[in-house]
$ cat run32.cif   # mmCIF, C-alpha atoms; chains and numbers go by the auth columns
data_my_file
loop_
_atom_site.group_PDB
_atom_site.id
_atom_site.type_symbol
_atom_site.label_atom_id
_atom_site.label_comp_id
_atom_site.label_asym_id
_atom_site.label_seq_id
_atom_site.Cartn_x
_atom_site.Cartn_y
_atom_site.Cartn_z
_atom_site.B_iso_or_equiv
_atom_site.auth_seq_id
_atom_site.auth_asym_id
ATOM 1 C CA MET A 1 -19.987 119.435 63.276 0.00 1402 Z
ATOM 2 C CA GLU A 2 -16.672 118.636 64.945 0.00 1403 Z
ATOM 3 C CA ARG A 3 -16.361 121.030 67.889 0.00 1404 Z
ATOM 4 C CA GLY A 4 -13.415 120.041 70.051 0.00 1405 Z
ATOM 5 C CA ASN A 5 -13.529 119.875 73.833 0.00 1406 Z
ATOM 6 C CA ILE A 6 -12.198 121.816 76.807 0.00 1407 Z
ATOM 7 C CA LYS A 7 -12.593 121.457 80.562 0.00 1408 Z
ATOM 8 C CA ILE A 8 -10.953 122.726 83.724 0.00 1409 Z
ATOM 9 C CA ASN A 9 -10.302 120.181 86.478 0.00 1410 Z
ATOM 10 C CA ILE A 10 -10.054 121.789 89.905 0.00 1411 Z
ATOM 11 C CA GLU A 11 -9.305 119.513 92.843 0.00 1412 Z
ATOM 12 C CA GLU A 12 -8.632 120.809 96.333 0.00 1413 Z
ATOM 13 C CA GLY A 13 -4.934 120.798 97.182 0.00 1414 Z
ATOM 14 C CA LYS A 14 -3.874 120.191 93.573 0.00 1415 Z
ATOM 15 C CA THR A 15 -2.893 122.457 90.717 0.00 1416 Z
ATOM 16 C CA PRO A 16 -5.839 123.128 88.391 0.00 1417 Z
ATOM 17 C CA VAL A 17 -5.535 121.417 85.017 0.00 1418 Z
ATOM 18 C CA VAL A 18 -6.990 122.548 81.686 0.00 1419 Z
ATOM 19 C CA GLU A 19 -7.616 119.761 79.184 0.00 1420 Z
ATOM 20 C CA ALA A 20 -8.274 120.921 75.634 0.00 1421 Z
ATOM 21 C CA THR A 21 -8.799 118.971 72.440 0.00 1422 Z
ATOM 22 C CA LEU A 22 -8.929 121.052 69.276 0.00 1423 Z
ATOM 23 C CA THR A 23 -10.585 119.727 66.151 0.00 1424 Z
ATOM 24 C CA ASN A 24 -9.176 121.096 62.890 0.00 1425 Z
ATOM 25 C CA ASN A 25 -7.246 123.659 64.989 0.00 1426 Z
ATOM 26 C CA GLY A 26 -10.513 124.963 66.379 0.00 1427 Z
ATOM 27 C CA LEU A 27 -12.864 124.841 69.310 0.00 1428 Z
ATOM 28 C CA TRP A 28 -16.565 125.706 69.189 0.00 1429 Z
ATOM 29 C CA LEU A 29 -18.675 126.323 72.306 0.00 1430 Z
ATOM 30 C CA THR A 30 -22.198 127.473 73.085 0.00 1431 Z
ATOM 31 C CA VAL A 31 -22.848 130.320 75.510 0.00 1432 Z
ATOM 32 C CA ASN A 32 -23.943 127.779 78.149 0.00 1433 Z
ATOM 33 C CA GLU A 33 -20.691 125.832 77.750 0.00 1434 Z
ATOM 34 C CA MET A 34 -18.619 129.026 78.027 0.00 1435 Z
ATOM 35 C CA ALA A 35 -20.472 130.044 81.199 0.00 1436 Z
ATOM 36 C CA ARG A 36 -19.974 126.608 82.747 0.00 1437 Z
ATOM 37 C CA LEU A 37 -16.262 126.581 81.805 0.00 1438 Z
ATOM 38 C CA LEU A 38 -15.601 130.105 83.116 0.00 1439 Z
ATOM 39 C CA GLY A 39 -17.697 129.663 86.286 0.00 1440 Z
ATOM 40 C CA CYS A 40 -20.199 132.444 85.669 0.00 1441 Z
ATOM 41 C CA PHE A 41 -23.802 133.030 84.638 0.00 1442 Z
ATOM 42 C CA VAL A 42 -25.023 132.716 81.056 0.00 1443 Z
ATOM 43 C CA GLN A 43 -26.294 136.311 81.261 0.00 1444 Z
ATOM 44 C CA THR A 44 -22.754 137.488 82.063 0.00 1445 Z
ATOM 45 C CA VAL A 45 -21.330 135.778 78.978 0.00 1446 Z
ATOM 46 C CA ASN A 46 -24.162 137.159 76.817 0.00 1447 Z
ATOM 47 C CA ALA A 47 -23.549 140.704 78.085 0.00 1448 Z
ATOM 48 C CA HIS A 48 -19.836 140.479 77.299 0.00 1449 Z
ATOM 49 C CA LEU A 49 -20.521 138.984 73.873 0.00 1450 Z
ATOM 50 C CA ARG A 50 -22.850 141.874 73.024 0.00 1451 Z
ATOM 51 C CA SER A 51 -20.196 144.335 74.182 0.00 1452 Z
ATOM 52 C CA ILE A 52 -17.394 142.641 72.211 0.00 1453 Z
ATOM 53 C CA PHE A 53 -19.433 142.606 69.015 0.00 1454 Z
ATOM 54 C CA ARG A 54 -20.842 146.126 69.518 0.00 1455 Z
ATOM 55 C CA GLU A 55 -17.313 147.519 69.979 0.00 1456 Z
ATOM 56 C CA HIS A 56 -16.162 145.585 66.875 0.00 1457 Z
ATOM 57 C CA LEU A 57 -13.376 143.851 68.775 0.00 1458 Z
ATOM 58 C CA LEU A 58 -14.546 140.736 66.932 0.00 1459 Z
ATOM 59 C CA TRP A 59 -17.042 140.286 64.132 0.00 1460 Z
ATOM 60 C CA GLU A 60 -19.888 137.933 64.999 0.00 1461 Z
ATOM 61 C CA THR A 61 -20.182 136.666 61.422 0.00 1462 Z
ATOM 62 C CA GLU A 62 -16.518 135.590 61.438 0.00 1463 Z
ATOM 63 C CA CYS A 63 -16.429 133.808 64.783 0.00 1464 Z
ATOM 64 C CA SER A 64 -19.837 132.186 65.166 0.00 1465 Z
ATOM 65 C CA VAL A 65 -21.777 129.440 63.427 0.00 1466 Z
ATOM 66 C CA CYS A 66 -25.518 128.891 63.642 0.00 1467 Z
ATOM 67 C CA HIS A 67 -26.451 125.204 63.651 0.00 1468 Z
ATOM 68 C CA ARG A 68 -30.084 124.508 62.706 0.00 1469 Z
ATOM 69 C CA TYR A 69 -31.731 121.178 63.452 0.00 1470 Z
ATOM 70 C CA ILE A 70 -35.154 119.608 63.925 0.00 1471 Z
ATOM 71 C CA ALA A 71 -36.075 118.024 67.269 0.00 1472 Z
ATOM 72 C CA LYS A 72 -39.498 116.447 67.771 0.00 1473 Z
ATOM 73 C CA GLY A 73 -40.773 118.160 64.645 0.00 1474 Z
ATOM 74 C CA ILE A 74 -39.729 121.635 65.799 0.00 1475 Z
ATOM 75 C CA GLU A 75 -36.972 123.575 64.059 0.00 1476 Z
ATOM 76 C CA LYS A 76 -34.360 124.776 66.544 0.00 1477 Z
ATOM 77 C CA GLN A 77 -31.004 126.499 66.323 0.00 1478 Z
ATOM 78 C CA THR A 78 -27.857 126.678 68.406 0.00 1479 Z
ATOM 79 C CA VAL A 79 -25.101 129.254 68.011 0.00 1480 Z
ATOM 80 C CA PHE A 80 -21.508 128.112 68.468 0.00 1481 Z
ATOM 81 C CA TYR A 81 -18.620 130.529 69.107 0.00 1482 Z
ATOM 82 C CA ASN A 82 -14.965 129.825 68.354 0.00 1483 Z
ATOM 83 C CA LEU A 83 -11.866 129.821 70.563 0.00 1484 Z
ATOM 84 C CA GLU A 84 -11.125 133.465 69.799 0.00 1485 Z
ATOM 85 C CA VAL A 85 -14.449 134.462 71.383 0.00 1486 Z
ATOM 86 C CA LEU A 86 -13.774 132.291 74.441 0.00 1487 Z
ATOM 87 C CA ILE A 87 -10.400 133.961 74.954 0.00 1488 Z
ATOM 88 C CA SER A 88 -11.910 137.449 74.580 0.00 1489 Z
ATOM 89 C CA VAL A 89 -14.717 136.716 77.018 0.00 1490 Z
ATOM 90 C CA SER A 90 -12.302 135.183 79.535 0.00 1491 Z
ATOM 91 C CA TYR A 91 -10.418 138.497 79.762 0.00 1492 Z
ATOM 92 C CA ARG A 92 -13.639 140.273 80.771 0.00 1493 Z
ATOM 93 C CA ILE A 93 -14.697 137.864 83.509 0.00 1494 Z
ATOM 94 C CA ALA A 94 -13.131 137.874 86.973 0.00 1495 Z
ATOM 95 C CA THR A 95 -13.698 134.318 88.173 0.00 1496 Z
ATOM 96 C CA PHE A 96 -11.156 131.789 89.381 0.00 1497 Z
ATOM 97 C CA GLU A 97 -11.880 129.553 86.380 0.00 1498 Z
ATOM 98 C CA ALA A 98 -11.422 132.422 83.912 0.00 1499 Z
ATOM 99 C CA GLY A 99 -8.039 133.179 85.504 0.00 1500 Z
ATOM 100 C CA ILE A 100 -6.992 129.546 85.158 0.00 1501 Z
ATOM 101 C CA PHE A 101 -8.055 129.596 81.504 0.00 1502 Z
ATOM 102 C CA ARG A 102 -6.074 132.812 80.849 0.00 1503 Z
ATOM 103 C CA GLN A 103 -2.972 131.232 82.424 0.00 1504 Z
ATOM 104 C CA PHE A 104 -3.500 128.213 80.162 0.00 1505 Z
ATOM 105 C CA VAL A 105 -3.643 130.476 77.078 0.00 1506 Z
ATOM 106 C CA HIS A 106 -0.465 132.294 78.142 0.00 1507 Z
ATOM 107 C CA SER A 107 1.434 129.066 78.773 0.00 1508 Z
ATOM 108 C CA ALA A 108 0.297 127.603 75.435 0.00 1509 Z
ATOM 109 C CA LEU A 109 1.523 130.726 73.641 0.00 1510 Z
ATOM 110 C CA ARG A 110 4.860 130.634 75.488 0.00 1511 Z
ATOM 111 C CA GLU A 111 5.344 126.944 74.614 0.00 1512 Z
ATOM 112 C CA ASN A 112 4.565 127.620 70.966 0.00 1513 Z
ATOM 113 C CA LEU A 113 7.024 130.520 70.864 0.00 1514 Z
ATOM 114 C CA LYS A 114 9.739 128.409 72.555 0.00 1515 Z
ATOM 115 C CA LYS A 115 9.267 125.641 69.965 0.00 1516 Z
ATOM 116 C CA LYS A 116 9.569 128.152 67.135 0.00 1517 Z
ATOM 117 C CA LYS A 117 12.674 129.713 68.727 0.00 1518 Z
ATOM 118 C CA THR A 118 14.470 126.387 69.321 0.00 1519 Z
ATOM 119 C CA SER A 119 13.701 125.168 65.803 0.00 1520 Z
ATOM 120 C CA GLY A 120 15.544 128.187 64.405 0.00 1521 Z
ATOM 121 C CA ALA A 121 12.411 129.543 62.752 0.00 1522 Z
ATOM 122 C CA LYS A 122 12.039 133.287 62.654 0.00 1523 Z
ATOM 123 C CA ILE A 123 9.029 134.559 64.614 0.00 1524 Z
ATOM 124 C CA VAL A 124 7.063 137.110 62.609 0.00 1525 Z
ATOM 125 C CA TRP A 125 3.632 138.616 63.250 0.00 1526 Z
ATOM 126 C CA LYS A 126 1.669 139.332 60.105 0.00 1527 Z
ATOM 127 C CA TYR A 127 -1.422 141.465 59.887 0.00 1528 Z
ATOM 128 C CA LEU A 128 -3.962 140.272 57.344 0.00 1529 Z
ATOM 129 C CA PRO A 129 -6.290 143.251 56.690 0.00 1530 Z
ATOM 130 C CA VAL A 130 -8.859 141.228 54.743 0.00 1531 Z
ATOM 131 C CA GLN A 131 -9.631 139.029 57.741 0.00 1532 Z
ATOM 132 C CA SER A 132 -8.747 141.536 60.485 0.00 1533 Z
ATOM 133 C CA ARG A 133 -6.545 138.963 62.201 0.00 1534 Z
ATOM 134 C CA TYR A 134 -2.973 138.613 63.452 0.00 1535 Z
ATOM 135 C CA TRP A 135 -1.249 135.348 62.624 0.00 1536 Z
ATOM 136 C CA LEU A 136 1.934 133.885 63.998 0.00 1537 Z
ATOM 137 C CA ASN A 137 4.252 132.164 61.513 0.00 1538 Z
#

$ encode --input "run32.cif" --output "structure tokens"
Amino acid sequence: MERGNIKINIEEGKTPVVEATLTNNGLWLTVNEMARLLGCFVQTVNAHLRSIFREHLLWETECSVCHRYIAKGIEKQTVFYNLEVLISVSYRIATFEAGIFRQFVHSALRENLKKKKTSGAKIVWKYLPVQSRYWLN
């Protein structure tokens, strides 16, 4: 499974840098990877995930993938969550790293909107009720 990669580089005296590589326009992370990226405990991420799914802000079946594998003769599984989940969780966590990630998301959105505006393309938000998603054209 191609998952993409993201990390936040924080060096003293320098501006923090977020490096992200999307694979097939997506990014898939485990709960442990999200906690490490956002600078919090795994239990914190799990609590926010339960809350997000319980409140139906996102649907777990649409934004997670369960990967089953066999290691040393024992069947194991790992759950991966997509970029949409990472963004949602980041807005619920008050750590320095989560703030840096949110700024990264905002700047990426602004850059995308500027490119669309300068290319003369009309910016339209469409709501797709079947998938419960907003898409930017």

$ closest_residue --input "run32.cif" --among "Z:Asn1426, Z:Thr1416, Z:Thr1431, Z:Asn1406" --to "His1468 of chain Z" --atoms "only C-alpha atoms"
Z:Thr1431

$ resolve_selection --input "run32.cif" --expression "the PyMOL selection byres ((chain Z and resi 1483) around 10)" --output "mmCIF file with C-alpha atoms, keeping the file's coordinate frame"
data_model
loop_
_atom_site.group_PDB
_atom_site.id
_atom_site.type_symbol
_atom_site.label_atom_id
_atom_site.label_comp_id
_atom_site.auth_asym_id
_atom_site.auth_seq_id
_atom_site.Cartn_x
_atom_site.Cartn_y
_atom_site.Cartn_z
ATOM 1 C CA ARG Z 1404 -16.361 121.030 67.889
ATOM 2 C CA GLY Z 1427 -10.513 124.963 66.379
ATOM 3 C CA LEU Z 1428 -12.864 124.841 69.310
ATOM 4 C CA TRP Z 1429 -16.565 125.706 69.189
ATOM 5 C CA LEU Z 1430 -18.675 126.323 72.306
ATOM 6 C CA THR Z 1431 -22.198 127.473 73.085
ATOM 7 C CA GLU Z 1463 -16.518 135.590 61.438
ATOM 8 C CA CYS Z 1464 -16.429 133.808 64.783
ATOM 9 C CA SER Z 1465 -19.837 132.186 65.166
ATOM 10 C CA VAL Z 1466 -21.777 129.440 63.427
ATOM 11 C CA PHE Z 1481 -21.508 128.112 68.468
ATOM 12 C CA TYR Z 1482 -18.620 130.529 69.107
ATOM 13 C CA LEU Z 1484 -11.866 129.821 70.563
ATOM 14 C CA GLU Z 1485 -11.125 133.465 69.799
ATOM 15 C CA VAL Z 1486 -14.449 134.462 71.383
ATOM 16 C CA LEU Z 1487 -13.774 132.291 74.441
ATOM 17 C CA ILE Z 1488 -10.400 133.961 74.954
#

$ resolve_selection --input "run32.cif" --expression "the PyMOL selection byres ((chain Z and resi 1447-1451) around 12)" --output "PyMOL selection string"
chain Z and resi 1431-1436+1441-1446+1452-1461+1464-1465+1480+1482+1485-1494

$ atom_distance --input "run32.cif" --atom1 "atom CA of Lys1516 of chain Z" --atom2 "atom CA of Leu1438 of chain Z"
28.2 Å

$ atom_distance --input "run32.cif" --atom1 "atom CA of Ala1421 of chain Z" --atom2 "atom CA of Lys1408 of chain Z"
6.6 Å

$ atom_distance --input "run32.cif" --atom1 "atom CA of Arg1503 of chain Z" --atom2 "atom CA of Ile1411 of chain Z"
14.8 Å

$ axis_aligned_box --input "run32.cif" --around "segment 1414-1431 of chain Z" --padding-each-side "6 Å" --output "lines of an AutoDock Vina configuration file"
center_x = -12.5
center_y = 123.2
center_z = 80.0
size_x = 31.3
size_y = 20.5
size_z = 46.3

$ closest_residue --input "run32.cif" --among "Z:Ile1409, Z:Cys1467, Z:Val1419, Z:Gly1414" --to "Ser1508 of chain Z" --atoms "all atoms listed in the file"
Z:Val1419

$ resolve_selection --input "run32.cif" --expression "the PyMOL selection byres ((chain Z and resi 1417) around 12)" --output "list in words"
Lys1408, Ile1409, Asn1410, Ile1411, Glu1412, Glu1413, Gly1414, Lys1415, Thr1416, Val1418, Val1419, Glu1420, Phe1497, Glu1498, Ala1499, Gly1500, Ile1501, Phe1502, Gln1504 and Phe1505 of chain Z
